[in-house]
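Reproduced below: final.txt, with compact mmCIF, C-alpha atoms and all ligand atoms.
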```
# COMPACT_ATOMS: atom_id res chain seq x y z
CA MET N 1 16.66 -4.80 7.43
CA THR N 2 17.39 -8.46 6.68
CA GLY N 3 20.81 -9.78 7.67
CA ASN N 4 23.30 -7.04 6.91
CA ILE N 5 21.30 -5.57 4.05
CA LYS N 6 19.36 -2.35 4.60
CA VAL N 7 16.32 -2.22 2.31
CA ASN N 8 14.91 1.24 1.59
CA LYS N 9 11.27 0.25 1.36
CA GLY N 10 9.53 2.35 -1.29
CA LEU N 11 13.00 3.68 -2.29
CA ALA N 12 12.61 6.17 0.57
CA GLY N 13 15.59 8.48 0.73
CA VAL N 14 17.29 6.84 -2.26
CA ILE N 15 18.76 9.16 -4.91
CA THR N 16 18.61 7.27 -8.21
CA ASP N 17 19.84 9.88 -10.71
CA ASP N 18 20.55 13.57 -11.37
CA THR N 19 17.90 15.86 -12.81
CA SER N 20 17.74 19.47 -13.96
CA VAL N 21 13.96 19.55 -14.42
CA SER N 22 12.79 20.54 -10.96
CA LYS N 23 13.99 20.86 -7.39
CA VAL N 24 11.84 20.00 -4.39
CA MET N 25 13.20 21.71 -1.26
CA ALA N 26 11.43 20.18 1.70
CA GLU N 27 13.45 22.19 4.22
CA THR N 28 12.04 25.50 2.87
CA ASN N 29 8.76 24.12 1.46
CA SER N 30 9.73 25.33 -1.97
CA LEU N 31 9.76 24.04 -5.51
CA THR N 32 11.43 25.29 -8.68
CA TYR N 33 10.94 24.26 -12.31
CA ARG N 34 14.15 24.79 -14.29
CA GLY N 35 15.21 27.18 -11.52
CA TYR N 36 12.02 29.28 -11.41
CA ALA N 37 9.89 29.32 -8.23
CA VAL N 38 6.57 27.68 -8.99
CA GLN N 39 4.63 30.51 -7.32
CA ASP N 40 6.26 33.04 -9.68
CA LEU N 41 5.40 30.90 -12.67
CA CYS N 42 1.78 30.75 -11.49
CA GLU N 43 1.46 34.50 -11.13
CA LYS N 44 3.57 35.69 -14.07
CA CYS N 45 3.28 33.03 -16.78
CA SER N 46 0.64 31.35 -18.89
CA TRP N 47 0.14 27.59 -18.87
CA GLU N 48 1.50 27.46 -22.43
CA GLU N 49 4.74 29.20 -21.36
CA VAL N 50 5.27 26.64 -18.59
CA ALA N 51 4.51 23.77 -20.98
CA PHE N 52 7.26 25.19 -23.22
CA LEU N 53 9.69 25.78 -20.34
CA MET N 54 9.43 22.26 -19.05
CA VAL N 55 10.82 20.59 -22.17
CA ASN N 56 12.93 23.43 -23.59
CA GLU N 57 14.68 24.36 -20.32
CA GLU N 58 14.09 28.11 -20.90
CA LEU N 59 11.02 30.35 -20.94
CA PRO N 60 10.11 31.16 -24.56
CA SER N 61 10.68 34.42 -26.43
CA SER N 62 7.39 35.80 -27.78
CA LYS N 63 8.22 34.41 -31.24
CA LYS N 64 9.04 30.94 -29.88
CA LEU N 65 5.87 30.99 -27.78
CA ALA N 66 3.73 31.97 -30.76
CA ASP N 67 5.23 29.11 -32.82
CA PHE N 68 4.70 26.62 -29.97
CA ILE N 69 1.07 27.69 -29.50
CA GLU N 70 0.36 27.59 -33.23
CA LYS N 71 1.72 24.06 -33.41
CA GLU N 72 -0.27 22.95 -30.35
CA LYS N 73 -3.49 24.41 -31.78
CA GLY N 74 -2.85 22.64 -35.08
CA TYR N 75 -2.67 19.27 -33.32
CA ARG N 76 -5.86 19.49 -31.24
CA ASN N 77 -8.02 17.29 -33.48
CA ILE N 78 -8.00 13.53 -32.96
CA SER N 79 -8.58 10.97 -35.71
CA LYS N 80 -12.00 9.63 -36.62
CA ASP N 81 -10.72 6.13 -35.77
CA LEU N 82 -9.88 7.23 -32.24
CA LEU N 83 -13.25 8.97 -31.88
CA ASP N 84 -14.95 5.73 -32.96
CA ILE N 85 -13.00 3.84 -30.30
CA ILE N 86 -14.01 6.40 -27.65
CA HIS N 87 -17.66 5.79 -28.56
CA LYS N 88 -17.15 2.06 -27.95
CA PHE N 89 -15.64 2.35 -24.45
CA PRO N 90 -17.73 0.83 -21.64
CA LYS N 91 -19.74 3.72 -20.16
CA ALA N 92 -18.68 2.75 -16.62
CA ALA N 93 -14.96 2.78 -17.44
CA HIS N 94 -12.85 5.19 -15.42
CA PRO N 95 -11.55 8.10 -17.54
CA MET N 96 -7.97 7.28 -16.48
CA ASP N 97 -8.37 3.84 -18.06
CA THR N 98 -9.88 5.24 -21.24
CA LEU N 99 -7.19 7.93 -21.40
CA ARG N 100 -4.42 5.34 -20.99
CA THR N 101 -5.89 3.34 -23.88
CA CYS N 102 -6.26 6.45 -26.07
CA VAL N 103 -2.64 7.50 -25.51
CA SER N 104 -1.59 3.97 -26.39
CA TYR N 105 -3.66 4.32 -29.58
CA LEU N 106 -1.95 7.62 -30.43
CA GLY N 107 1.28 5.64 -30.34
CA MET N 108 -0.14 3.03 -32.73
CA GLU N 109 -1.19 5.80 -35.13
CA ASP N 110 2.30 7.33 -35.10
CA LYS N 111 4.53 5.87 -37.80
CA ARG N 112 7.56 7.32 -36.01
CA ILE N 113 6.91 5.12 -32.96
CA TRP N 114 10.52 3.88 -32.72
CA ASP N 115 12.09 7.27 -33.39
CA ASN N 116 13.21 8.52 -29.98
CA SER N 117 15.25 11.45 -31.29
CA LEU N 118 14.83 14.75 -29.48
CA VAL N 119 13.23 16.46 -32.49
CA THR N 120 10.65 13.71 -32.96
CA ASN N 121 9.92 13.35 -29.26
CA MET N 122 9.37 17.13 -29.07
CA ASP N 123 6.77 16.83 -31.81
CA LYS N 124 5.14 13.81 -30.17
CA TYR N 125 5.00 15.79 -26.93
CA ILE N 126 3.18 18.73 -28.53
CA GLN N 127 0.79 16.28 -30.17
CA MET N 128 -0.04 14.67 -26.80
CA LEU N 129 -0.26 18.05 -25.06
CA ALA N 130 -2.82 19.10 -27.70
CA LYS N 131 -4.74 15.83 -28.05
CA ILE N 132 -5.08 14.68 -24.42
CA PRO N 133 -7.58 17.48 -23.56
CA THR N 134 -9.59 16.57 -26.68
CA ILE N 135 -9.58 12.90 -25.63
CA ILE N 136 -10.66 13.73 -22.05
CA SER N 137 -13.50 16.02 -23.11
CA ALA N 138 -14.70 13.66 -25.87
CA THR N 139 -14.77 10.74 -23.42
CA TYR N 140 -16.63 12.86 -20.87
CA ARG N 141 -19.31 13.97 -23.35
CA CYS N 142 -19.66 10.50 -24.84
CA LYS N 143 -20.18 9.03 -21.38
CA LYS N 144 -22.95 11.57 -20.75
CA GLY N 145 -24.57 10.77 -24.13
CA LYS N 146 -23.80 14.29 -25.34
CA LYS N 147 -22.55 15.33 -28.77
CA ILE N 148 -18.78 15.71 -28.90
CA ILE N 149 -17.58 19.30 -29.35
CA ALA N 150 -14.65 19.76 -31.75
CA PRO N 151 -11.60 21.76 -30.62
CA ARG N 152 -11.34 25.43 -31.59
CA ASN N 153 -8.03 27.02 -32.44
CA ASP N 154 -9.05 30.60 -31.64
CA LEU N 155 -8.94 29.78 -27.90
CA THR N 156 -6.19 29.18 -25.33
CA ALA N 157 -5.61 25.58 -24.26
CA SER N 158 -7.74 25.98 -21.11
CA GLU N 159 -10.53 27.99 -22.75
CA ASN N 160 -10.73 25.39 -25.50
CA PHE N 161 -10.84 22.57 -22.95
CA PHE N 162 -13.75 24.12 -21.02
CA ASN N 163 -15.56 24.74 -24.30
CA MET N 164 -15.05 21.13 -25.44
CA CYS N 165 -16.35 19.85 -22.08
CA PHE N 166 -19.24 22.20 -21.37
CA GLY N 167 -19.95 24.10 -24.59
CA LYS N 168 -19.07 27.41 -22.96
CA ILE N 169 -16.08 29.33 -21.69
CA PRO N 170 -16.15 30.43 -18.05
CA GLY N 171 -14.98 33.81 -16.74
CA LYS N 172 -11.34 34.86 -16.58
CA GLU N 173 -10.97 33.96 -12.88
CA VAL N 174 -11.97 30.34 -13.51
CA ILE N 175 -9.61 30.05 -16.47
CA LYS N 176 -6.79 31.54 -14.39
CA ALA N 177 -7.49 29.14 -11.49
CA PHE N 178 -7.44 26.21 -13.92
CA ASP N 179 -4.19 27.40 -15.53
CA VAL N 180 -2.65 27.71 -12.06
CA SER N 181 -3.71 24.15 -11.21
CA LEU N 182 -2.05 22.92 -14.41
CA ILE N 183 1.16 24.82 -13.61
CA LEU N 184 1.23 23.42 -10.06
CA TYR N 185 0.58 19.85 -11.24
CA ALA N 186 3.18 20.00 -14.03
CA GLU N 187 6.22 18.50 -12.34
CA HIS N 188 7.53 17.18 -9.05
CA SER N 189 10.89 15.42 -9.48
CA PHE N 190 11.10 11.64 -9.02
CA ASN N 191 7.52 10.97 -7.92
CA ALA N 192 6.07 7.49 -8.64
CA SER N 193 4.59 8.19 -12.09
CA THR N 194 7.63 10.12 -13.32
CA PHE N 195 9.91 7.38 -12.08
CA ALA N 196 7.71 4.80 -13.83
CA SER N 197 8.05 6.81 -17.06
CA ARG N 198 11.82 6.99 -16.62
CA VAL N 199 12.07 3.24 -15.97
CA ILE N 200 10.15 2.52 -19.20
CA THR N 201 12.26 5.04 -21.12
CA SER N 202 15.46 3.47 -19.77
CA THR N 203 14.71 0.29 -21.73
CA THR N 204 14.72 2.44 -24.94
CA SER N 205 11.00 1.86 -25.33
CA ASP N 206 8.94 4.69 -26.88
CA ILE N 207 7.49 7.89 -25.37
CA TYR N 208 3.85 6.73 -25.68
CA SER N 209 4.62 3.60 -23.65
CA ALA N 210 6.38 5.73 -21.03
CA ILE N 211 3.40 8.11 -20.80
CA CYS N 212 0.96 5.17 -20.56
CA GLY N 213 3.08 3.85 -17.67
CA GLY N 214 2.94 7.28 -16.06
CA ILE N 215 -0.85 7.36 -16.40
CA GLY N 216 -1.12 3.90 -14.84
CA ALA N 217 0.99 4.97 -11.86
CA LEU N 218 -0.75 8.33 -11.44
CA LYS N 219 -4.16 6.68 -11.25
CA GLY N 220 -3.47 5.18 -7.83
CA PRO N 221 -5.11 6.94 -4.86
CA LEU N 222 -1.77 7.20 -3.04
CA HIS N 223 -0.55 9.34 -5.95
CA GLY N 224 -2.63 11.38 -8.45
CA GLY N 225 -5.86 9.53 -7.70
CA ALA N 226 -5.90 11.29 -4.32
CA ASN N 227 -7.51 14.42 -5.82
CA GLU N 228 -10.65 12.37 -6.58
CA GLN N 229 -10.63 10.72 -3.16
CA VAL N 230 -10.41 14.12 -1.45
CA MET N 231 -13.67 15.21 -3.05
CA HIS N 232 -15.38 11.90 -2.27
CA MET N 233 -14.32 12.46 1.35
CA LEU N 234 -15.59 16.07 1.44
CA LYS N 235 -18.91 14.97 -0.04
CA GLU N 236 -19.20 12.12 2.47
CA ILE N 237 -18.67 14.63 5.29
CA GLY N 238 -21.26 16.81 3.57
CA GLU N 239 -21.70 19.60 6.12
CA VAL N 240 -19.35 21.77 8.17
CA LYS N 241 -20.87 20.54 11.44
CA ASN N 242 -19.87 16.93 10.65
CA ALA N 243 -16.23 17.63 9.83
CA LYS N 244 -14.51 17.52 13.22
CA LYS N 245 -16.20 14.31 14.36
CA TRP N 246 -15.61 12.67 10.96
CA ILE N 247 -11.89 13.27 10.96
CA LEU N 248 -11.41 12.29 14.62
CA ASP N 249 -13.34 9.05 14.01
CA ALA N 250 -11.31 8.33 10.88
CA LEU N 251 -8.04 8.88 12.75
CA ALA N 252 -9.21 6.69 15.63
CA LYS N 253 -9.85 3.94 13.06
CA LYS N 254 -6.32 4.53 11.69
CA LYS N 255 -7.71 5.47 8.27
CA LYS N 256 -5.51 7.17 5.68
CA ILE N 257 -6.83 10.67 5.11
CA MET N 258 -6.67 11.49 1.43
CA GLY N 259 -4.89 14.67 0.41
CA PHE N 260 -2.58 14.61 3.43
CA GLY N 261 1.04 13.58 3.81
CA HIS N 262 3.95 13.48 1.42
CA ARG N 263 7.08 11.40 1.03
CA VAL N 264 9.33 14.45 0.68
CA TYR N 265 7.57 17.38 2.38
CA ARG N 266 7.30 17.04 6.13
CA SER N 267 5.92 20.43 7.14
CA GLY N 268 3.77 21.49 4.23
CA ASP N 269 3.60 21.17 0.45
CA SER N 270 5.04 24.19 -1.41
CA ARG N 271 2.12 24.18 -3.85
CA VAL N 272 -0.71 24.19 -1.33
CA PRO N 273 -0.89 27.93 -0.41
CA THR N 274 -1.21 28.97 -4.07
CA MET N 275 -3.81 26.33 -4.93
CA THR N 276 -5.75 27.09 -1.73
CA LYS N 277 -5.91 30.77 -2.71
CA TYR N 278 -7.43 29.83 -6.07
CA ALA N 279 -9.78 27.23 -4.53
CA GLU N 280 -11.05 30.00 -2.24
CA LYS N 281 -11.62 32.21 -5.28
CA MET N 282 -13.62 29.39 -6.88
CA ALA N 283 -15.67 29.09 -3.68
CA SER N 284 -16.57 32.78 -3.66
CA ILE N 285 -17.53 32.67 -7.36
CA THR N 286 -19.58 29.47 -7.17
CA GLY N 287 -20.95 29.65 -3.61
CA GLY N 288 -18.89 26.62 -2.58
CA GLU N 289 -17.64 28.10 0.71
CA LYS N 290 -18.65 25.03 2.71
CA TRP N 291 -15.99 22.94 0.95
CA ILE N 292 -13.36 25.42 2.11
CA GLN N 293 -14.75 25.47 5.65
CA ILE N 294 -14.81 21.66 5.87
CA SER N 295 -11.28 21.55 4.41
CA ASN N 296 -10.02 24.03 7.02
CA ILE N 297 -11.35 21.88 9.87
CA LEU N 298 -9.74 18.75 8.42
CA LYS N 299 -6.44 20.56 7.90
CA ASP N 300 -6.31 22.08 11.41
CA THR N 301 -7.24 18.75 13.02
CA MET N 302 -4.70 16.75 11.00
CA ILE N 303 -1.90 19.15 11.91
CA LYS N 304 -2.91 19.22 15.60
CA GLU N 305 -3.49 15.47 15.98
CA LYS N 306 -0.90 13.99 13.59
CA ASN N 307 1.37 16.84 12.49
CA ILE N 308 0.57 15.81 8.90
CA TYR N 309 0.01 18.59 6.35
CA PRO N 310 -2.18 18.75 3.22
CA ASN N 311 -0.67 18.09 -0.21
CA LEU N 312 -1.65 19.69 -3.54
CA ASP N 313 -4.51 17.24 -4.13
CA PHE N 314 -6.31 18.58 -1.05
CA PRO N 315 -7.20 22.05 -2.47
CA ALA N 316 -7.11 20.90 -6.15
CA GLY N 317 -9.94 18.35 -5.67
CA PRO N 318 -12.57 20.83 -4.44
CA ALA N 319 -11.31 23.53 -6.85
CA TYR N 320 -12.00 21.21 -9.82
CA TYR N 321 -15.39 20.27 -8.35
CA MET N 322 -16.36 23.92 -8.05
CA MET N 323 -15.24 24.49 -11.66
CA GLY N 324 -17.91 21.95 -12.65
CA PHE N 325 -15.87 18.82 -13.42
CA ASP N 326 -17.11 15.33 -12.55
CA ILE N 327 -14.98 13.77 -9.83
CA ASP N 328 -13.67 10.98 -12.05
CA MET N 329 -12.16 13.60 -14.37
CA PHE N 330 -9.86 15.07 -11.71
CA THR N 331 -6.93 12.69 -12.24
CA PRO N 332 -7.17 12.96 -16.05
CA LEU N 333 -6.88 16.77 -15.54
CA PHE N 334 -3.67 16.03 -13.64
CA VAL N 335 -2.45 14.06 -16.72
CA MET N 336 -3.21 17.06 -18.98
CA SER N 337 -0.62 18.90 -16.93
CA ARG N 338 1.89 16.22 -15.89
CA ILE N 339 2.48 15.20 -19.52
CA THR N 340 4.90 18.16 -19.46
CA GLY N 341 6.98 16.92 -16.51
CA TRP N 342 6.90 13.31 -17.67
CA THR N 343 8.15 14.33 -21.11
CA ALA N 344 10.94 16.48 -19.67
CA HIS N 345 12.11 13.46 -17.67
CA ILE N 346 11.74 11.09 -20.64
CA MET N 347 13.97 13.44 -22.66
CA GLU N 348 16.47 13.74 -19.81
CA GLN N 349 16.59 9.97 -19.36
CA THR N 350 17.02 9.44 -23.12
CA ALA N 351 19.85 11.95 -23.31
CA ASP N 352 21.94 10.15 -20.67
CA ASN N 353 20.55 6.67 -20.40
CA ARG N 354 21.43 3.59 -18.45
CA ILE N 355 18.80 0.91 -17.96
CA ILE N 356 17.19 1.18 -14.50
CA ARG N 357 17.58 -2.17 -12.86
CA PRO N 358 17.84 -2.21 -9.06
CA LEU N 359 18.51 -5.22 -6.87
CA SER N 360 16.29 -7.07 -4.43
CA ASP N 361 17.02 -8.79 -1.17
CA TYR N 362 15.78 -12.38 -1.57
CA ILE N 363 13.88 -13.66 1.46
CA GLY N 364 12.16 -16.74 -0.02
CA SER N 365 12.94 -20.46 0.42
CA ALA N 366 16.55 -21.59 0.47
CA GLN N 367 17.54 -23.42 -2.72
CA ARG N 368 15.81 -26.83 -2.83
CA LYS N 369 15.52 -29.85 -5.04
CA VAL N 370 12.60 -30.56 -7.40
CA LEU N 371 11.55 -34.14 -6.55
CA SER N 372 10.91 -36.69 -9.31
CA ILE N 373 7.32 -37.27 -10.57
CA GLU N 374 7.33 -40.65 -8.76
CA GLU N 375 8.41 -39.08 -5.47
CA ARG N 376 5.71 -36.39 -5.75
CA LYS N 377 3.07 -38.99 -6.70
CA ALA N 378 4.08 -40.85 -3.56
CA GLY N 379 3.14 -37.71 -1.61
CA LYS N 380 6.61 -36.37 -0.89
CA VAL N 381 7.02 -32.62 -1.06
N1 LIG N 401 -3.46 9.94 6.79
C1 LIG N 401 -3.18 9.30 7.95
N2 LIG N 401 -1.95 8.91 8.28
C2 LIG N 401 -0.95 9.18 7.41
C3 LIG N 401 -1.18 9.86 6.21
C4 LIG N 401 -2.50 10.22 5.90
N3 LIG N 401 -2.79 10.83 4.76
N4 LIG N 401 -0.02 9.99 5.56
C5 LIG N 401 0.94 9.43 6.34
N5 LIG N 401 0.35 8.93 7.44
C6 LIG N 401 1.02 8.21 8.52
C7 LIG N 401 1.48 6.86 7.99
O1 LIG N 401 0.45 5.89 8.09
C8 LIG N 401 2.64 6.57 8.88
O2 LIG N 401 2.16 6.11 10.11
P1 LIG N 401 2.88 4.90 10.87
O3 LIG N 401 4.29 5.37 11.09
O4 LIG N 401 2.07 4.73 12.11
O5 LIG N 401 2.80 3.74 9.91
C9 LIG N 401 3.25 7.94 9.08
O6 LIG N 401 2.21 8.88 8.84
C10 LIG N 401 4.40 8.26 8.20
O7 LIG N 401 4.04 8.04 6.87
P2 LIG N 401 5.05 8.44 5.71
O8 LIG N 401 6.30 7.65 5.84
O9 LIG N 401 5.15 9.90 5.69
O10 LIG N 401 4.26 7.97 4.40
P3 LIG N 401 4.86 7.56 2.99
O11 LIG N 401 5.99 8.46 2.60
O12 LIG N 401 5.14 6.11 2.94
O13 LIG N 401 3.59 7.86 2.06
C11 LIG N 401 1.89 9.15 1.08
C12 LIG N 401 3.34 9.13 1.55
C13 LIG N 401 1.63 10.43 0.29
C14 LIG N 401 1.63 7.95 0.13
C15 LIG N 401 0.95 9.08 2.29
O14 LIG N 401 1.14 10.24 3.08
C16 LIG N 401 -0.51 8.92 1.91
O15 LIG N 401 -0.97 7.80 1.68
N6 LIG N 401 -1.28 10.04 1.82
C17 LIG N 401 -2.66 9.97 1.40
C18 LIG N 401 -2.77 9.88 -0.11
C19 LIG N 401 -2.40 11.16 -0.78
O16 LIG N 401 -2.88 12.23 -0.44
N7 LIG N 401 -1.57 11.04 -1.83
C20 LIG N 401 -1.13 12.18 -2.63
C21 LIG N 401 0.33 12.43 -2.39
S1 LIG N 401 0.84 13.92 -3.17
```
Written as C-alpha cells, how would this file's structure read?
Ligand code: COA
Amino acid sequence: MTGNIKVNKGLAGVITDDTSVSKVMAETNSLTYRGYAVQDLCEKCSWEEVAFLMVNEELPSSKKLADFIEKEKGYRNISKDLLDIIHKFPKAAHPMDTLRTCVSYLGMEDKRIWDNSLVTNMDKYIQMLAKIPTIISATYRCKKGKKIIAPRNDLTASENFFNMCFGKIPGKEVIKAFDVSLILYAEHSFNASTFASRVITSTTSDIYSAICGGIGALKGPLHGGANEQVMHMLKEIGEVKNAKKWILDALAKKKKIMGFGHRVYRSGDSRVPTMTKYAEKMASITGGEKWIQISNILKDTMIKEKNIYPNLDFPAGPAYYMMGFDIDMFTPLFVMSRITGWTAHIMEQTADNRIIRPLSDYIGSAQRKVLSIEERKAGKV
C-alpha cells in the first residue's frame, strides 16, 4: 500500500478477464477443463482427446478424433533446416532455451505468420502439438551424441515420443502414466505462463510469439521449472534416512521448498492425488520406491511444520525421472502438454480482445529538472 493506492503484488487475487477454458476451485481442491473434472479425463480419456477438447470446447466424436489424430501424425516431421539448427545448439544449453528457439523458428517457417484467424491458428496448434515432441527428442539425442530417430505415424503421441527419445516403447503402464501427466499439466487458468501468452496475444502478435513467451515464463523455477528442482532436491537428499533432517534444516534456513505451495490452492492441489498414484506405479515398476518414501517424509513435514501442501510438480518430477527422462527435460515435457492450454487461451483472447495494459503506482523521484551541461560540469546534481 502506498498512499491510498492498494497494490496487489503479483496480481494476487486480481481477476483480469473471463475464461471458459478451465476452473480452479481452491475451496474443494478441484479442477475442471471445459466443465469436465480432470480426474475423470485422466481415467476415461486419451491424451489426444484432451488435446482436442482444450481447443474445440467439446470432447471429439470418434470421427473427429480420428481426423485430429491423422492430422497430428502427418505433422510430426520437422524440416531439415530446423534439424540442422538443432545440431548447432551449444551442448550445454538448457532444453527449454533450445525449445523456445525452435518454436520461434517454426514461426519463421510459417508463411501464414500474421494470419490469426481461428482456422489457421487451429492448424498452427496441431503443427506445434505434433512437432514439439520431435524437437524435444531430437535435441535430447543430439546432446547425447546419438542419432536422431524420426517420428513414426503408426504410434500414439506418447508411444512415438518415447520411441524418438529412447528407441523403444515402454509398457502400457508407463505410457498411461505419461499420458496422465500430460492431461494434468494441460491447463490451469491464469497461471504466469498462460497470462504471459494472453498478454502477447492481446497486442495482436502471432501465436508462435505467444507460445515462446509462455515457454519463457514456464521455465522459471517458481512455475514449471519446479518439476526439475524437485528432482534435484530428492537426489540431493539421496536416502530416506536423510529426508527429515534435510527438510527441517532447509525450513530453519527459510529456504523455499520446491514443489510446495500454490497461489490459488491453500489446502492441496487437485492434481496431486492422481499424479501421486501414477508416480507410485512408476516406483513399483522401476524399483524407485525410495523417491516415494523421501517424498512422503517431505510432504508430511511440510504440512505439519508450515501447513503448505505439495503441488503437481512434486509427484511429476520423480515420475518423469523413473520413466527415464533426464532432469533438464522435465519442463519441456510440461510444454508438450501446456501447448494445449496456452492455445485455448490464445484463441479465447483473440476472440474477444482488448490489449492488456495495467497501471503502476509510481514510487520514484518526484519530477525534477535536468540541469544544463555547464551546471553538471560544475558538479551540481
Ligand atoms: N517453501 C517454503 N515456504 C513457502 C513455500 C515453499 N515452497 N511456498 C510458500 N511459502 C511461504 C512463503 O515464503 C510465504 O512466507 P512469508 O509469509 O513468511 O513470506 C508464505 O508461505 C505464503 O506464500 P504464498 O503467498 O502462498 O506464495 P505465493 O503465492 O507468492 O507463491 C509459489 C506461490 C508457488 C510461487 C510458492 O509457493 C513457491 O515458490 N513454491 C515453490 C516453487 C514451486 O513449487 N512452484 C510450482 C508452483 S505450481
Ligand LIG 401 (chain N), all listed atoms, 8 Å padding on each side: what axis-aligned box centre and edge lengths in Å to one decimal come out, as JSON?
```
{"center_x": 1.4, "center_y": 8.8, "center_z": 4.5, "size_x": 25.8, "size_y": 26.2, "size_z": 31.3}
```
Protein and nucleic residues near ligand LIG 401 (chain N), 9 Å, only C-alpha atoms and all ligand atoms, as a VMD selection string: chain N and resid 9 to 10 12 191 220 to 227 229 to 230 250 to 251 254 to 266 269 302 306 to 314
File dump, residues just selected, C-alpha atoms, as a CSV table (one decimal), in the coordinates of the input:
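Wrote out.csv, looks like this:
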```
chain,number,residue,atom,x,y,z
N,9,LYS,CA,11.3,0.2,1.4
N,10,GLY,CA,9.5,2.4,-1.3
N,12,ALA,CA,12.6,6.2,0.6
N,191,ASN,CA,7.5,11.0,-7.9
N,220,GLY,CA,-3.5,5.2,-7.8
N,221,PRO,CA,-5.1,6.9,-4.9
N,222,LEU,CA,-1.8,7.2,-3.0
N,223,HIS,CA,-0.6,9.3,-6.0
N,224,GLY,CA,-2.6,11.4,-8.4
N,225,GLY,CA,-5.9,9.5,-7.7
N,226,ALA,CA,-5.9,11.3,-4.3
N,227,ASN,CA,-7.5,14.4,-5.8
N,229,GLN,CA,-10.6,10.7,-3.2
N,230,VAL,CA,-10.4,14.1,-1.4
N,250,ALA,CA,-11.3,8.3,10.9
N,251,LEU,CA,-8.0,8.9,12.8
N,254,LYS,CA,-6.3,4.5,11.7
N,255,LYS,CA,-7.7,5.5,8.3
N,256,LYS,CA,-5.5,7.2,5.7
N,257,ILE,CA,-6.8,10.7,5.1
N,258,MET,CA,-6.7,11.5,1.4
N,259,GLY,CA,-4.9,14.7,0.4
N,260,PHE,CA,-2.6,14.6,3.4
N,261,GLY,CA,1.0,13.6,3.8
N,262,HIS,CA,4.0,13.5,1.4
N,263,ARG,CA,7.1,11.4,1.0
N,264,VAL,CA,9.3,14.4,0.7
N,265,TYR,CA,7.6,17.4,2.4
N,266,ARG,CA,7.3,17.0,6.1
N,269,ASP,CA,3.6,21.2,0.4
N,302,MET,CA,-4.7,16.8,11.0
N,306,LYS,CA,-0.9,14.0,13.6
N,307,ASN,CA,1.4,16.8,12.5
N,308,ILE,CA,0.6,15.8,8.9
N,309,TYR,CA,0.0,18.6,6.4
N,310,PRO,CA,-2.2,18.8,3.2
N,311,ASN,CA,-0.7,18.1,-0.2
N,312,LEU,CA,-1.6,19.7,-3.5
N,313,ASP,CA,-4.5,17.2,-4.1
N,314,PHE,CA,-6.3,18.6,-1.0
```
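Proximity ranking of N:Met323, N:Pro90, N:Glu228, N:Ile136 relative to Lys281 of chain N places N:Met323 first, based on all atoms listed in the file.
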Shortest interatomic distance to Asn56 of chain N - which of N:Met122, N:Cys42, N:Ile292, N:Ile285, counting only C-alpha atoms: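 Closest to Asn56 of chain N of all the choices is N:Met122.
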Contacts of Ser284 of chain N within 12 Å, only C-alpha atoms, excl. fewer than 4 positions in-chain, as an MDAnalysis selection string: chainID N and resid 173:174 277:280 288:293 319 322:323
Nearest to Thr32 of chain N by atom-to-atom distance, counting only C-alpha atoms, from N:Ile183, N:Asn8, N:Gly13, N:Leu83: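 Smallest separation from Thr32 of chain N among the options: N:Ile183.
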Exercise: residues within 12 Å of coordinate (2.6, 15.3, -31.2), counting all atoms listed in the file, as a PyMOL selection string: chain N and resi 68+71-78+103+106-107+109-113+119-132+207-208+339+343
Output C-alpha atoms for every residue in the selection just made, as a PDB file, keeping the file's coordinate frame.
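Below is the file again.pdb, written as the result:
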```
ATOM      1  CA  PHE N  68       4.700  26.620 -29.970  1.00  0.00           C
ATOM      2  CA  LYS N  71       1.720  24.060 -33.410  1.00  0.00           C
ATOM      3  CA  GLU N  72      -0.270  22.950 -30.350  1.00  0.00           C
ATOM      4  CA  LYS N  73      -3.490  24.410 -31.780  1.00  0.00           C
ATOM      5  CA  GLY N  74      -2.850  22.640 -35.080  1.00  0.00           C
ATOM      6  CA  TYR N  75      -2.670  19.270 -33.320  1.00  0.00           C
ATOM      7  CA  ARG N  76      -5.860  19.490 -31.240  1.00  0.00           C
ATOM      8  CA  ASN N  77      -8.020  17.290 -33.480  1.00  0.00           C
ATOM      9  CA  ILE N  78      -8.000  13.530 -32.960  1.00  0.00           C
ATOM     10  CA  VAL N 103      -2.640   7.500 -25.510  1.00  0.00           C
ATOM     11  CA  LEU N 106      -1.950   7.620 -30.430  1.00  0.00           C
ATOM     12  CA  GLY N 107       1.280   5.640 -30.340  1.00  0.00           C
ATOM     13  CA  GLU N 109      -1.190   5.800 -35.130  1.00  0.00           C
ATOM     14  CA  ASP N 110       2.300   7.330 -35.100  1.00  0.00           C
ATOM     15  CA  LYS N 111       4.530   5.870 -37.800  1.00  0.00           C
ATOM     16  CA  ARG N 112       7.560   7.320 -36.010  1.00  0.00           C
ATOM     17  CA  ILE N 113       6.910   5.120 -32.960  1.00  0.00           C
ATOM     18  CA  VAL N 119      13.230  16.460 -32.490  1.00  0.00           C
ATOM     19  CA  THR N 120      10.650  13.710 -32.960  1.00  0.00           C
ATOM     20  CA  ASN N 121       9.920  13.350 -29.260  1.00  0.00           C
ATOM     21  CA  MET N 122       9.370  17.130 -29.070  1.00  0.00           C
ATOM     22  CA  ASP N 123       6.770  16.830 -31.810  1.00  0.00           C
ATOM     23  CA  LYS N 124       5.140  13.810 -30.170  1.00  0.00           C
ATOM     24  CA  TYR N 125       5.000  15.790 -26.930  1.00  0.00           C
ATOM     25  CA  ILE N 126       3.180  18.730 -28.530  1.00  0.00           C
ATOM     26  CA  GLN N 127       0.790  16.280 -30.170  1.00  0.00           C
ATOM     27  CA  MET N 128      -0.040  14.670 -26.800  1.00  0.00           C
ATOM     28  CA  LEU N 129      -0.260  18.050 -25.060  1.00  0.00           C
ATOM     29  CA  ALA N 130      -2.820  19.100 -27.700  1.00  0.00           C
ATOM     30  CA  LYS N 131      -4.740  15.830 -28.050  1.00  0.00           C
ATOM     31  CA  ILE N 132      -5.080  14.680 -24.420  1.00  0.00           C
ATOM     32  CA  ILE N 207       7.490   7.890 -25.370  1.00  0.00           C
ATOM     33  CA  TYR N 208       3.850   6.730 -25.680  1.00  0.00           C
ATOM     34  CA  ILE N 339       2.480  15.200 -19.520  1.00  0.00           C
ATOM     35  CA  THR N 343       8.150  14.330 -21.110  1.00  0.00           C
TER      36      THR N 343
END
```
Best match for closeness to Thr134 of chain N among N:Tyr105, N:Met347, N:Leu234, N:Leu82, counting all atoms listed in the file: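 Answer, going by the shortest atom-to-atom distance: N:Leu82.
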